[in-house]
file my_file.tsv (TSV, C-alpha atoms and all ligand atoms)
chain	number	residue	atom	x	y	z
K	1	MET	CA	-23.47	-24.95	-42.59
K	2	LYS	CA	-23.04	-26.74	-39.28
K	3	ALA	CA	-23.15	-24.57	-36.16
K	4	ALA	CA	-23.09	-25.03	-32.38
K	5	LEU	CA	-25.93	-22.75	-31.31
K	6	PHE	CA	-28.40	-22.42	-28.45
K	7	ARG	CA	-32.16	-21.90	-28.56
K	8	GLU	CA	-32.67	-21.58	-24.78
K	9	HIS	CA	-30.59	-20.19	-21.93
K	10	GLY	CA	-28.87	-22.56	-19.54
K	11	GLY	CA	-25.67	-24.55	-19.19
K	12	ALA	CA	-23.54	-26.50	-21.67
K	13	GLU	CA	-26.42	-28.93	-22.28
K	14	LYS	CA	-28.23	-26.16	-24.22
K	15	ILE	CA	-25.54	-26.12	-26.93
K	16	LEU	CA	-26.87	-27.89	-30.03
K	17	TYR	CA	-24.74	-28.94	-32.99
K	18	GLU	CA	-26.99	-28.72	-36.02
K	19	ASP	CA	-27.56	-27.48	-39.56
K	20	TYR	CA	-28.14	-23.74	-39.75
K	21	ARG	CA	-28.67	-21.19	-42.52
K	22	ASP	CA	-25.49	-19.97	-44.23
K	23	PRO	CA	-24.85	-16.29	-43.45
K	24	ALA	CA	-25.73	-13.98	-46.38
K	25	ILE	CA	-23.15	-11.23	-46.84
K	26	GLY	CA	-23.77	-7.64	-47.88
K	27	PRO	CA	-21.52	-5.51	-50.12
K	28	SER	CA	-19.18	-4.38	-47.32
K	29	GLU	CA	-18.95	-7.78	-45.60
K	30	ALA	CA	-16.78	-10.87	-45.85
K	31	LEU	CA	-17.72	-14.50	-45.34
K	32	VAL	CA	-15.05	-16.32	-43.34
K	33	ARG	CA	-14.60	-20.09	-43.20
K	34	VAL	CA	-13.80	-20.62	-39.53
K	35	LYS	CA	-10.65	-22.62	-38.81
K	36	ALA	CA	-10.46	-21.85	-35.10
K	37	CYS	CA	-12.67	-20.01	-32.64
K	38	ALA	CA	-11.76	-19.43	-29.00
K	39	LEU	CA	-14.22	-19.62	-26.12
K	40	ASN	CA	-14.59	-16.73	-23.71
K	41	GLN	CA	-16.27	-16.06	-20.38
K	42	VAL	CA	-18.65	-13.68	-22.15
K	43	ASP	CA	-19.91	-16.70	-24.11
K	44	MET	CA	-20.99	-18.22	-20.80
K	45	LEU	CA	-22.91	-15.03	-19.84
K	46	LEU	CA	-24.65	-15.06	-23.24
K	47	LEU	CA	-25.48	-18.74	-22.84
K	48	ASP	CA	-26.88	-18.57	-19.31
K	49	GLY	CA	-28.81	-15.35	-19.94
K	50	ARG	CA	-26.88	-12.94	-17.71
K	51	PHE	CA	-26.05	-11.08	-20.92
K	52	PRO	CA	-28.86	-12.10	-23.29
K	53	PRO	CA	-27.95	-11.85	-27.00
K	54	PRO	CA	-29.38	-8.48	-28.21
K	55	GLU	CA	-30.78	-10.05	-31.39
K	56	GLY	CA	-32.50	-12.87	-29.49
K	57	LEU	CA	-32.37	-16.65	-29.88
K	58	PRO	CA	-31.24	-18.88	-31.50
K	59	HIS	CA	-27.73	-17.51	-31.11
K	60	ILE	CA	-24.23	-18.60	-32.14
K	61	ASN	CA	-21.46	-17.62	-29.70
K	62	GLY	CA	-17.81	-17.03	-30.57
K	63	CYS	CA	-15.92	-13.69	-30.56
K	64	GLU	CA	-12.41	-14.83	-31.50
K	65	VAL	CA	-12.09	-16.15	-35.02
K	66	THR	CA	-9.35	-17.09	-37.44
K	67	GLY	CA	-10.02	-18.67	-40.81
K	68	THR	CA	-9.93	-18.13	-44.55
K	69	ILE	CA	-11.92	-15.82	-46.78
K	70	GLU	CA	-14.74	-17.83	-48.35
K	71	ALA	CA	-16.39	-14.98	-50.25
K	72	THR	CA	-16.41	-11.19	-50.41
K	73	GLY	CA	-16.99	-8.39	-52.87
K	74	VAL	CA	-14.53	-6.11	-51.11
K	75	ALA	CA	-11.28	-5.25	-52.86
K	76	GLY	CA	-8.09	-6.24	-51.07
K	77	LEU	CA	-9.40	-9.56	-49.76
K	78	ARG	CA	-9.13	-12.73	-51.82
K	79	PRO	CA	-10.76	-16.14	-51.37
K	80	GLY	CA	-8.55	-18.56	-49.45
K	81	GLN	CA	-6.61	-15.77	-47.71
K	82	ARG	CA	-5.70	-16.49	-44.07
K	83	VAL	CA	-7.35	-13.93	-41.79
K	84	ILE	CA	-8.01	-12.94	-38.20
K	85	VAL	CA	-11.16	-11.05	-37.26
K	86	PHE	CA	-11.17	-7.95	-35.05
K	87	PRO	CA	-14.25	-8.62	-32.91
K	88	GLY	CA	-15.51	-5.08	-32.15
K	89	PHE	CA	-18.17	-3.31	-34.23
K	90	SER	CA	-18.54	0.47	-34.15
K	91	CYS	CA	-20.57	2.96	-36.20
K	92	GLY	CA	-17.72	5.32	-37.12
K	93	ALA	CA	-20.08	8.32	-36.89
K	94	CYS	CA	-21.05	8.93	-33.27
K	95	GLU	CA	-19.34	11.46	-31.00
K	96	TYR	CA	-17.02	8.80	-29.52
K	97	CYS	CA	-16.08	7.19	-32.82
K	98	VAL	CA	-15.23	10.62	-34.22
K	99	ARG	CA	-13.06	11.23	-31.16
K	100	GLY	CA	-11.18	8.01	-32.01
K	101	GLU	CA	-12.66	6.09	-29.05
K	102	ARG	CA	-14.41	3.38	-31.00
K	103	THR	CA	-14.65	0.91	-28.12
K	104	VAL	CA	-17.17	3.22	-26.44
K	105	CYS	CA	-19.22	3.77	-29.61
K	106	VAL	CA	-22.88	4.28	-28.70
K	107	ARG	CA	-23.73	1.47	-31.14
K	108	TYR	CA	-20.84	-0.77	-30.05
K	109	GLY	CA	-21.14	-4.51	-30.50
K	110	TYR	CA	-19.10	-7.70	-30.46
K	111	LEU	CA	-18.86	-10.55	-32.89
K	112	GLY	CA	-20.53	-13.50	-31.22
K	113	ALA	CA	-22.55	-11.28	-28.89
K	114	HIS	CA	-24.43	-8.65	-30.88
K	115	LYS	CA	-24.11	-10.78	-34.04
K	116	ASP	CA	-23.75	-14.52	-34.60
K	117	GLY	CA	-20.18	-15.63	-34.00
K	118	GLY	CA	-17.66	-18.31	-34.74
K	119	TYR	CA	-19.04	-21.53	-33.20
K	120	ALA	CA	-19.86	-22.41	-36.82
K	121	GLU	CA	-18.31	-23.40	-40.10
K	122	LEU	CA	-18.96	-19.93	-41.55
K	123	VAL	CA	-19.30	-16.45	-40.10
K	124	LYS	CA	-19.98	-13.10	-41.71
K	125	VAL	CA	-18.09	-10.01	-40.58
K	126	PRO	CA	-17.58	-6.43	-41.80
K	127	ALA	CA	-14.66	-6.56	-44.25
K	128	ALA	CA	-13.13	-3.62	-42.34
K	129	ASN	CA	-12.72	-5.95	-39.34
K	130	VAL	CA	-10.54	-8.44	-41.23
K	131	LEU	CA	-6.75	-8.46	-40.89
K	132	PRO	CA	-4.34	-10.84	-42.65
K	133	LEU	CA	-3.14	-13.56	-40.27
K	134	PRO	CA	0.68	-13.68	-40.52
K	135	ASP	CA	1.99	-17.04	-41.81
K	136	ALA	CA	4.06	-17.44	-38.65
K	137	ILE	CA	0.88	-17.65	-36.54
K	138	SER	CA	-1.24	-20.81	-36.68
K	139	PHE	CA	-5.02	-20.57	-36.84
K	140	GLU	CA	-5.13	-22.01	-33.30
K	141	SER	CA	-2.67	-19.52	-31.79
K	142	GLY	CA	-4.27	-16.64	-33.67
K	143	ALA	CA	-7.70	-17.41	-32.24
K	144	ALA	CA	-6.34	-16.79	-28.74
K	145	VAL	CA	-5.42	-13.19	-29.60
K	146	PRO	CA	-8.28	-10.90	-30.69
K	147	LEU	CA	-10.31	-10.66	-27.48
K	148	ALA	CA	-8.31	-11.94	-24.51
K	149	MET	CA	-4.88	-10.74	-25.54
K	150	LEU	CA	-6.04	-7.46	-27.09
K	151	THR	CA	-8.19	-6.59	-24.05
K	152	SER	CA	-5.26	-7.22	-21.71
K	153	TRP	CA	-2.97	-5.20	-23.95
K	154	HIS	CA	-5.26	-2.18	-23.99
K	155	ALA	CA	-5.87	-2.48	-20.22
K	156	LEU	CA	-2.19	-2.55	-19.27
K	157	VAL	CA	-0.56	-0.45	-21.98
K	158	ALA	CA	-3.18	2.17	-22.88
K	159	GLN	CA	-5.23	2.43	-19.69
K	160	ALA	CA	-2.95	1.55	-16.75
K	161	GLU	CA	0.19	2.76	-18.58
K	162	VAL	CA	2.33	0.16	-16.83
K	163	ARG	CA	5.97	1.16	-16.58
K	164	PRO	CA	9.21	-0.74	-15.95
K	165	GLY	CA	9.77	-1.56	-12.30
K	166	GLN	CA	6.10	-1.39	-11.32
K	167	THR	CA	4.25	-4.25	-9.66
K	168	VAL	CA	1.05	-5.78	-11.06
K	169	LEU	CA	-1.45	-8.20	-9.55
K	170	VAL	CA	-3.19	-10.24	-12.25
K	171	GLN	CA	-6.32	-12.10	-11.14
K	172	ALA	CA	-6.84	-15.66	-12.45
K	173	ALA	CA	-3.70	-16.71	-14.31
K	174	GLY	CA	-5.48	-19.69	-15.84
K	175	SER	CA	-7.96	-17.54	-17.78
K	176	GLY	CA	-7.37	-16.18	-21.27
K	177	VAL	CA	-7.21	-12.61	-20.01
K	178	GLY	CA	-5.01	-13.59	-17.06
K	179	SER	CA	-2.50	-15.61	-19.07
K	180	ALA	CA	-2.18	-12.72	-21.53
K	181	ALA	CA	-1.99	-10.00	-18.85
K	182	ILE	CA	0.93	-11.68	-17.07
K	183	GLN	CA	2.98	-11.75	-20.27
K	184	ILE	CA	2.09	-8.19	-21.27
K	185	ALA	CA	2.92	-6.80	-17.82
K	186	ARG	CA	6.30	-8.56	-18.04
K	187	LEU	CA	6.84	-7.16	-21.54
K	188	CYS	CA	6.24	-3.69	-20.05
K	189	GLY	CA	9.01	-4.40	-17.54
K	190	ALA	CA	6.75	-4.89	-14.53
K	191	ARG	CA	6.93	-7.61	-11.88
K	192	VAL	CA	3.85	-9.82	-11.53
K	193	ILE	CA	1.98	-11.56	-8.74
K	194	THR	CA	-1.01	-13.65	-9.81
K	195	THR	CA	-3.77	-15.89	-8.45
K	196	VAL	CA	-4.83	-19.43	-9.34
K	197	GLY	CA	-7.68	-21.64	-8.12
K	198	SER	CA	-5.69	-24.86	-7.91
K	199	ASP	CA	-2.08	-25.82	-7.17
K	200	ASP	CA	-1.69	-27.56	-10.54
K	201	LYS	CA	-1.80	-24.09	-12.20
K	202	ILE	CA	1.12	-22.67	-10.18
K	203	GLU	CA	3.86	-23.88	-12.53
K	204	PHE	CA	1.83	-22.74	-15.52
K	205	ALA	CA	1.57	-19.22	-14.05
K	206	ARG	CA	5.31	-19.13	-13.38
K	207	SER	CA	6.06	-20.25	-16.94
K	208	LEU	CA	4.21	-17.13	-18.18
K	209	GLY	CA	6.48	-14.90	-16.12
K	210	ALA	CA	4.70	-14.51	-12.77
K	211	GLU	CA	7.16	-14.10	-9.91
K	212	GLN	CA	4.68	-14.95	-7.16
K	213	VAL	CA	1.61	-17.22	-7.41
K	214	VAL	CA	-1.20	-17.30	-4.84
K	215	ASN	CA	-3.78	-20.06	-4.57
K	216	TYR	CA	-6.84	-17.95	-3.77
K	217	ARG	CA	-8.70	-20.96	-2.35
K	218	THR	CA	-6.12	-21.60	0.37
K	219	GLN	CA	-4.38	-18.22	0.70
K	220	ASP	CA	-5.48	-14.60	1.11
K	221	PHE	CA	-4.35	-12.74	-2.01
K	222	VAL	CA	-4.37	-9.34	-0.24
K	223	GLU	CA	-2.14	-10.59	2.54
K	224	GLU	CA	0.19	-12.38	0.07
K	225	THR	CA	0.41	-9.27	-2.11
K	226	ARG	CA	1.28	-7.11	0.89
K	227	LYS	CA	3.97	-9.61	1.92
K	228	TRP	CA	5.40	-9.77	-1.59
K	229	THR	CA	5.63	-5.98	-1.84
K	230	GLY	CA	6.94	-5.41	1.69
K	231	LYS	CA	3.52	-4.04	2.83
K	232	ARG	CA	3.52	-1.44	0.04
K	233	GLY	CA	0.87	-2.93	-2.25
K	234	VAL	CA	0.97	-3.17	-6.05
K	235	ASP	CA	0.72	-0.34	-8.58
K	236	VAL	CA	-1.89	-2.05	-10.74
K	237	VAL	CA	-4.50	-4.77	-10.31
K	238	VAL	CA	-6.02	-6.43	-13.40
K	239	GLU	CA	-9.48	-7.55	-12.27
K	240	HIS	CA	-12.10	-9.44	-14.28
K	241	ILE	CA	-13.98	-11.54	-11.72
K	242	GLY	CA	-16.21	-9.06	-9.83
K	243	GLY	CA	-17.81	-9.49	-6.41
K	244	GLU	CA	-15.49	-10.09	-3.49
K	245	THR	CA	-12.43	-10.35	-5.75
K	246	PHE	CA	-13.09	-6.83	-7.04
K	247	GLU	CA	-13.89	-5.53	-3.57
K	248	ARG	CA	-10.72	-6.92	-1.99
K	249	SER	CA	-8.46	-5.95	-4.92
K	250	VAL	CA	-8.60	-2.35	-3.64
K	251	TYR	CA	-6.75	-3.47	-0.50
K	252	ALA	CA	-3.91	-4.90	-2.60
K	253	LEU	CA	-3.15	-1.50	-4.17
K	254	THR	CA	-0.55	1.01	-3.11
K	255	ARG	CA	-1.15	4.76	-3.09
K	256	LEU	CA	-1.90	6.21	-6.55
K	257	GLY	CA	-2.61	2.62	-7.63
K	258	LYS	CA	-4.89	1.66	-10.49
K	259	LEU	CA	-7.64	-0.94	-10.39
K	260	VAL	CA	-8.36	-1.93	-13.98
K	261	THR	CA	-11.68	-3.70	-14.40
K	262	ILE	CA	-12.09	-5.61	-17.66
K	263	GLY	CA	-14.83	-8.11	-16.92
K	264	SER	CA	-17.37	-9.46	-14.45
K	265	HIS	CA	-17.07	-13.18	-14.95
K	266	ASP	CA	-18.56	-14.20	-11.60
K	267	THR	CA	-20.93	-11.30	-11.00
K	268	HIS	CA	-21.64	-7.86	-12.45
K	269	TRP	CA	-21.48	-6.31	-8.97
K	270	GLY	CA	-18.66	-5.28	-6.69
K	271	ARG	CA	-18.53	-2.97	-3.66
K	272	LEU	CA	-15.86	-0.34	-3.29
K	273	ASP	CA	-14.34	0.80	0.00
K	274	LEU	CA	-14.42	4.51	-0.77
K	275	ARG	CA	-12.12	5.42	2.14
K	276	HIS	CA	-9.30	3.64	0.34
K	277	VAL	CA	-10.17	5.14	-3.04
K	278	TYR	CA	-10.02	8.77	-1.89
K	279	SER	CA	-7.39	8.58	0.82
K	280	LYS	CA	-4.91	6.71	-1.39
K	281	ASN	CA	-5.88	8.62	-4.57
K	282	LEU	CA	-6.71	5.36	-6.32
K	283	ARG	CA	-8.04	5.20	-9.84
K	284	VAL	CA	-10.65	2.71	-10.98
K	285	LEU	CA	-10.39	2.28	-14.74
K	286	GLY	CA	-12.96	0.52	-16.88
K	287	THR	CA	-11.79	-0.83	-20.21
K	288	ASN	CA	-13.00	-3.08	-22.98
K	289	LEU	CA	-11.21	-4.54	-25.99
K	290	GLY	CA	-8.79	-2.22	-27.84
K	291	SER	CA	-8.38	-0.91	-31.36
K	292	ILE	CA	-7.71	-2.78	-34.59
K	293	VAL	CA	-4.35	-0.91	-34.71
K	294	GLU	CA	-3.46	-2.37	-31.30
K	295	LEU	CA	-4.46	-5.82	-32.58
K	296	GLY	CA	-1.86	-5.39	-35.33
K	297	THR	CA	0.74	-4.44	-32.70
K	298	VAL	CA	-0.09	-7.50	-30.58
K	299	LEU	CA	0.19	-9.76	-33.66
K	300	ASP	CA	3.66	-8.30	-34.32
K	301	HIS	CA	4.72	-9.20	-30.78
K	302	VAL	CA	3.37	-12.73	-31.29
K	303	VAL	CA	5.29	-13.11	-34.58
K	304	GLN	CA	8.48	-11.87	-32.86
K	305	GLY	CA	7.97	-14.37	-30.02
K	306	ARG	CA	7.59	-11.72	-27.31
K	307	LEU	CA	4.00	-12.74	-26.56
K	308	ARG	CA	2.73	-16.31	-26.64
K	309	PRO	CA	-0.98	-17.07	-27.10
K	310	VAL	CA	-1.73	-19.84	-24.64
K	311	VAL	CA	-3.94	-22.63	-25.96
K	312	ASP	CA	-5.19	-25.14	-23.41
K	313	ARG	CA	-7.06	-27.49	-25.68
K	314	ALA	CA	-8.84	-27.62	-29.04
K	315	PHE	CA	-12.15	-29.42	-29.49
K	316	PRO	CA	-13.80	-30.24	-32.84
K	317	LEU	CA	-16.77	-27.94	-33.53
K	318	LYS	CA	-19.17	-30.85	-33.11
K	319	ASP	CA	-17.95	-31.22	-29.51
K	320	ALA	CA	-18.72	-27.58	-28.61
K	321	ARG	CA	-20.85	-28.72	-25.67
K	322	ALA	CA	-17.87	-30.50	-24.09
K	323	ALA	CA	-15.67	-27.47	-24.75
K	324	VAL	CA	-18.16	-25.16	-23.00
K	325	GLN	CA	-18.38	-27.54	-20.04
K	326	HIS	CA	-14.56	-27.60	-19.86
K	327	VAL	CA	-14.52	-23.79	-19.48
K	328	LEU	CA	-17.44	-23.79	-17.02
K	329	ASP	CA	-15.53	-26.32	-14.90
K	330	ARG	CA	-12.51	-23.94	-14.93
K	331	LYS	CA	-10.22	-26.77	-15.93
K	332	ASN	CA	-8.42	-24.73	-18.57
K	333	LYS	CA	-4.95	-23.23	-18.49
K	334	GLY	CA	-5.24	-20.65	-21.23
K	335	LYS	CA	-7.65	-20.66	-24.12
K	336	VAL	CA	-10.08	-23.37	-25.18
K	337	LEU	CA	-10.75	-23.56	-28.90
K	338	LEU	CA	-13.20	-25.01	-31.38
K	339	VAL	CA	-11.58	-26.11	-34.62
K	340	SER	CA	-12.87	-27.33	-37.95
J	1	ZN	ZN	-19.87	5.11	-32.97
call {"tool": "encode", "arguments": {"input": "my_file.tsv", "output": "structure tokens"}}
result
Amino acid sequence: MKAALFREHGGAEKILYEDYRDPAIGPSEALVRVKACALNQVDMLLLDGRFPPPEGLPHINGCEVTGTIEATGVAGLRPGQRVIVFPGFSCGACEYCVRGERTVCVRYGYLGAHKDGGYAELVKVPAANVLPLPDAISFESGAAVPLAMLTSWHALVAQAEVRPGQTVLVQAAGSGVGSAAIQIARLCGARVITTVGSDDKIEFARSLGAEQVVNYRTQDFVEETRKWTGKRGVDVVVEHIGGETFERSVYALTRLGKLVTIGSHDTHWGRLDLRHVYSKNLRVLGTNLGSIVELGTVLDHVVQGRLRPVVDRAFPLKDARAAVQHVLDRKNKGKVLLVS
């Protein structure tokens, strides 16, 4: 098969489009012919070595995959069937899996991180991770769902338990997680303020349902949030940047507010002003991905038109290097895809 892999850590220039061994599937696995694969910030951490691939190099990135079944010995799946892949792997046997909390499995892994992913013509996955892709959802739209949209869903619905009438600050509207979180918060009946890094993303953020948009390069998001809420602060912040953005997000929260952290795309570190955490009874909630059941729920909302996967641009697989550079340059509004 052809694949866009990397043999050394670095920037987009390390992505090589070349021939690679076809994945060999075991009895409980399925081979998927990739039609679309979305890029994610975690891909960039894997590429530059901040999150080195556990199985070493060479490595193929790509957590979000839609495609067709190429081969499998598992009953219930047939060759040619349109599918979407749930990207989380769990053992099913550890204390946390048994408790139904598979995303904190002690042997947890992601497609495209712990195993080779979808920047390729073929990818192998556990058959249990495969869901039918509804006909109403294109391969391209579907590829924007399983990581970004599911993670935001779990963060807002299961973890933050957002309720009608609440206010939510979503960091980085232009990102996959941000563009999904705005829509999901709105679907929950909340009002949304969001941040963007350039004025040309303001209209985009509004079109997703954000009521107030802050350019974080020219405005102070804490001050703007306080203004927007009449000095009260928001009930929930969705944070996935880290560093100063994480640190200052605490100041945008009202009492009993929740800071949901779902990524560290700039840095893994962030300080916390503890005075605010204890005196305002704040909660800091970590979350990652969601369940395959929640993925089904999100797909239903997409089919019904209540949630819209946002695709910025699709590149052919052979142009994976340009696609990666496009994400690194933060030019995207929504998801960037590789298609074949
Ligand atoms: Zn487990």
call {"tool": "residues_around", "arguments": {"input": "my_file.tsv", "residues": "Tyr110 in chain K", "least_positions_apart": "2", "cutoff": "7 Å", "atoms": "all atoms listed in the file", "output": "ChimeraX atom specification"}}
result
/K:63,87-89,112-115
call {"tool": "residues_near_ligand", "arguments": {"input": "my_file.tsv", "ligand": "ligand ZN 1 (chain J)", "cutoff": "7 Å", "atoms": "only C-alpha atoms and all ligand atoms", "output": "PDB file with C-alpha atoms, in the frame of the given file"}}
result
ATOM      1  CA  SER K  90     -18.540   0.470 -34.150  1.00  0.00           C
ATOM      2  CA  CYS K  91     -20.570   2.960 -36.200  1.00  0.00           C
ATOM      3  CA  GLY K  92     -17.720   5.320 -37.120  1.00  0.00           C
ATOM      4  CA  ALA K  93     -20.080   8.320 -36.890  1.00  0.00           C
ATOM      5  CA  CYS K  94     -21.050   8.930 -33.270  1.00  0.00           C
ATOM      6  CA  GLU K  95     -19.340  11.460 -31.000  1.00  0.00           C
ATOM      7  CA  TYR K  96     -17.020   8.800 -29.520  1.00  0.00           C
ATOM      8  CA  CYS K  97     -16.080   7.190 -32.820  1.00  0.00           C
ATOM      9  CA  ARG K 102     -14.410   3.380 -31.000  1.00  0.00           C
ATOM     10  CA  CYS K 105     -19.220   3.770 -29.610  1.00  0.00           C
ATOM     11  CA  VAL K 106     -22.880   4.280 -28.700  1.00  0.00           C
ATOM     12  CA  ARG K 107     -23.730   1.470 -31.140  1.00  0.00           C
ATOM     13  CA  TYR K 108     -20.840  -0.770 -30.050  1.00  0.00           C
TER      14      TYR K 108
END
call {"tool": "atom_distance", "arguments": {"input": "my_file.tsv", "atom1": "CA of Glu18 in chain K", "atom2": "CA of Arg78 in chain K"}}
result
28.7 Å
call {"tool": "closest_residue", "arguments": {"input": "my_file.tsv", "among": "K:Leu47, K:Leu57, K:Leu131, K:Val196", "to": "Leu77 in chain K", "atoms": "only C-alpha atoms"}}
result
K:Leu131
call {"tool": "atom_distance", "arguments": {"input": "my_file.tsv", "atom1": "CA of Val42 in chain K", "atom2": "CA of Val98 in chain K"}}
result
27.3 Å
call {"tool": "atom_distance", "arguments": {"input": "my_file.tsv", "atom1": "CA of Arg163 in chain K", "atom2": "CA of Ala185 in chain K"}}
result
8.6 Å
call {"tool": "residues_near_point", "arguments": {"input": "my_file.tsv", "point": "(-1.7, -4.8, -4.0)", "cutoff": "8 Å", "atoms": "only C-alpha atoms", "output": "ChimeraX atom specification"}}
result
/K:168-169,222,225-226,229,232-237,249-254
call {"tool": "closest_residue", "arguments": {"input": "my_file.tsv", "among": "K:Leu122, K:Val104, K:Ile69, K:Val157", "to": "Cys37 in chain K", "atoms": "all atoms listed in the file"}}
result
K:Leu122
call {"tool": "closest_residue", "arguments": {"input": "my_file.tsv", "among": "K:Gln212, K:Gln81, K:Thr68, K:Asn129", "to": "Val293 in chain K", "atoms": "all atoms listed in the file"}}
result
K:Asn129
call {"tool": "closest_residue", "arguments": {"input": "my_file.tsv", "among": "K:Gly118, K:Gly334, K:Gly197, K:Gly165", "to": "Tyr216 in chain K", "atoms": "only C-alpha atoms"}}
result
K:Gly197
call {"tool": "residues_around", "arguments": {"input": "my_file.tsv", "residues": "Asn40 in chain K", "least_positions_apart": "3", "cutoff": "9 Å", "atoms": "all atoms listed in the file", "output": "list in words"}}
result
Asp43, Met44, Gly62, Cys63, Glu64, Leu147, Ala148, Ser175, Gly176, Val327, Lys335 and Val336 of chain K
call {"tool": "residues_around", "arguments": {"input": "my_file.tsv", "residues": "Asp199 in chain K", "least_positions_apart": "4", "cutoff": "9 Å", "atoms": "all atoms listed in the file", "output": "tab-separated table (two decimals) with C-alpha atoms, in the coordinates of the input"}}
result
chain	number	residue	atom	x	y	z
K	203	GLU	CA	3.86	-23.88	-12.53
K	214	VAL	CA	-1.20	-17.30	-4.84
K	215	ASN	CA	-3.78	-20.06	-4.57
call {"tool": "residues_around", "arguments": {"input": "my_file.tsv", "residues": "range 313-323 of chain K", "least_positions_apart": "3", "cutoff": "9 Å", "atoms": "all atoms listed in the file", "output": "NGL selection string"}}
result
:K and (2-4 or 12-18 or 36-39 or 119-121 or 140 or 326-328 or 332-340)
call {"tool": "closest_residue", "arguments": {"input": "my_file.tsv", "among": "K:Arg217, K:His268, K:Arg50, K:Arg308", "to": "Ser198 in chain K", "atoms": "all atoms listed in the file"}}
result
K:Arg217
call {"tool": "build_atoms", "arguments": {"input": "my_file.tsv", "residues": "range 150-155 of chain K", "atoms": "all heavy atoms", "output": "short mmCIF file (atom, residue, chain, number, x, y, z; two decimals), in the frame of the given file"}}
result
data_model
loop_
_atom_site.label_atom_id
_atom_site.label_comp_id
_atom_site.auth_asym_id
_atom_site.auth_seq_id
_atom_site.Cartn_x
_atom_site.Cartn_y
_atom_site.Cartn_z
N LEU K 150 -5.86 -8.88 -26.75
CA LEU K 150 -6.04 -7.46 -27.09
C LEU K 150 -6.61 -6.69 -25.90
O LEU K 150 -6.16 -5.57 -25.61
CB LEU K 150 -6.95 -7.33 -28.31
CG LEU K 150 -7.29 -5.91 -28.74
CD1 LEU K 150 -6.05 -5.10 -29.05
CD2 LEU K 150 -8.23 -5.94 -29.94
N THR K 151 -7.59 -7.26 -25.22
CA THR K 151 -8.19 -6.59 -24.05
C THR K 151 -7.14 -6.35 -22.98
O THR K 151 -7.06 -5.27 -22.39
CB THR K 151 -9.34 -7.45 -23.49
OG1 THR K 151 -10.30 -7.64 -24.53
CG2 THR K 151 -10.02 -6.78 -22.31
N SER K 152 -6.32 -7.36 -22.71
CA SER K 152 -5.26 -7.22 -21.71
C SER K 152 -4.23 -6.18 -22.14
O SER K 152 -3.73 -5.41 -21.33
CB SER K 152 -4.56 -8.57 -21.48
OG SER K 152 -5.45 -9.48 -20.91
N TRP K 153 -3.93 -6.18 -23.42
CA TRP K 153 -2.97 -5.20 -23.95
C TRP K 153 -3.47 -3.78 -23.72
O TRP K 153 -2.76 -2.93 -23.18
CB TRP K 153 -2.75 -5.44 -25.46
CG TRP K 153 -1.83 -4.44 -26.07
CD1 TRP K 153 -2.16 -3.23 -26.62
CD2 TRP K 153 -0.40 -4.53 -26.15
NE1 TRP K 153 -1.04 -2.57 -27.04
CE2 TRP K 153 0.06 -3.34 -26.75
CE3 TRP K 153 0.52 -5.50 -25.76
CZ2 TRP K 153 1.41 -3.09 -26.99
CZ3 TRP K 153 1.87 -5.26 -25.99
CH2 TRP K 153 2.30 -4.07 -26.60
N HIS K 154 -4.69 -3.53 -24.13
CA HIS K 154 -5.26 -2.18 -23.99
C HIS K 154 -5.34 -1.79 -22.50
O HIS K 154 -5.05 -0.65 -22.14
CB HIS K 154 -6.64 -2.14 -24.65
CG HIS K 154 -7.22 -0.77 -24.74
ND1 HIS K 154 -6.71 0.19 -25.58
CD2 HIS K 154 -8.25 -0.19 -24.08
CE1 HIS K 154 -7.41 1.31 -25.44
NE2 HIS K 154 -8.34 1.11 -24.53
N ALA K 155 -5.73 -2.76 -21.66
CA ALA K 155 -5.87 -2.48 -20.22
C ALA K 155 -4.54 -2.07 -19.61
O ALA K 155 -4.46 -1.08 -18.87
CB ALA K 155 -6.42 -3.71 -19.51
#
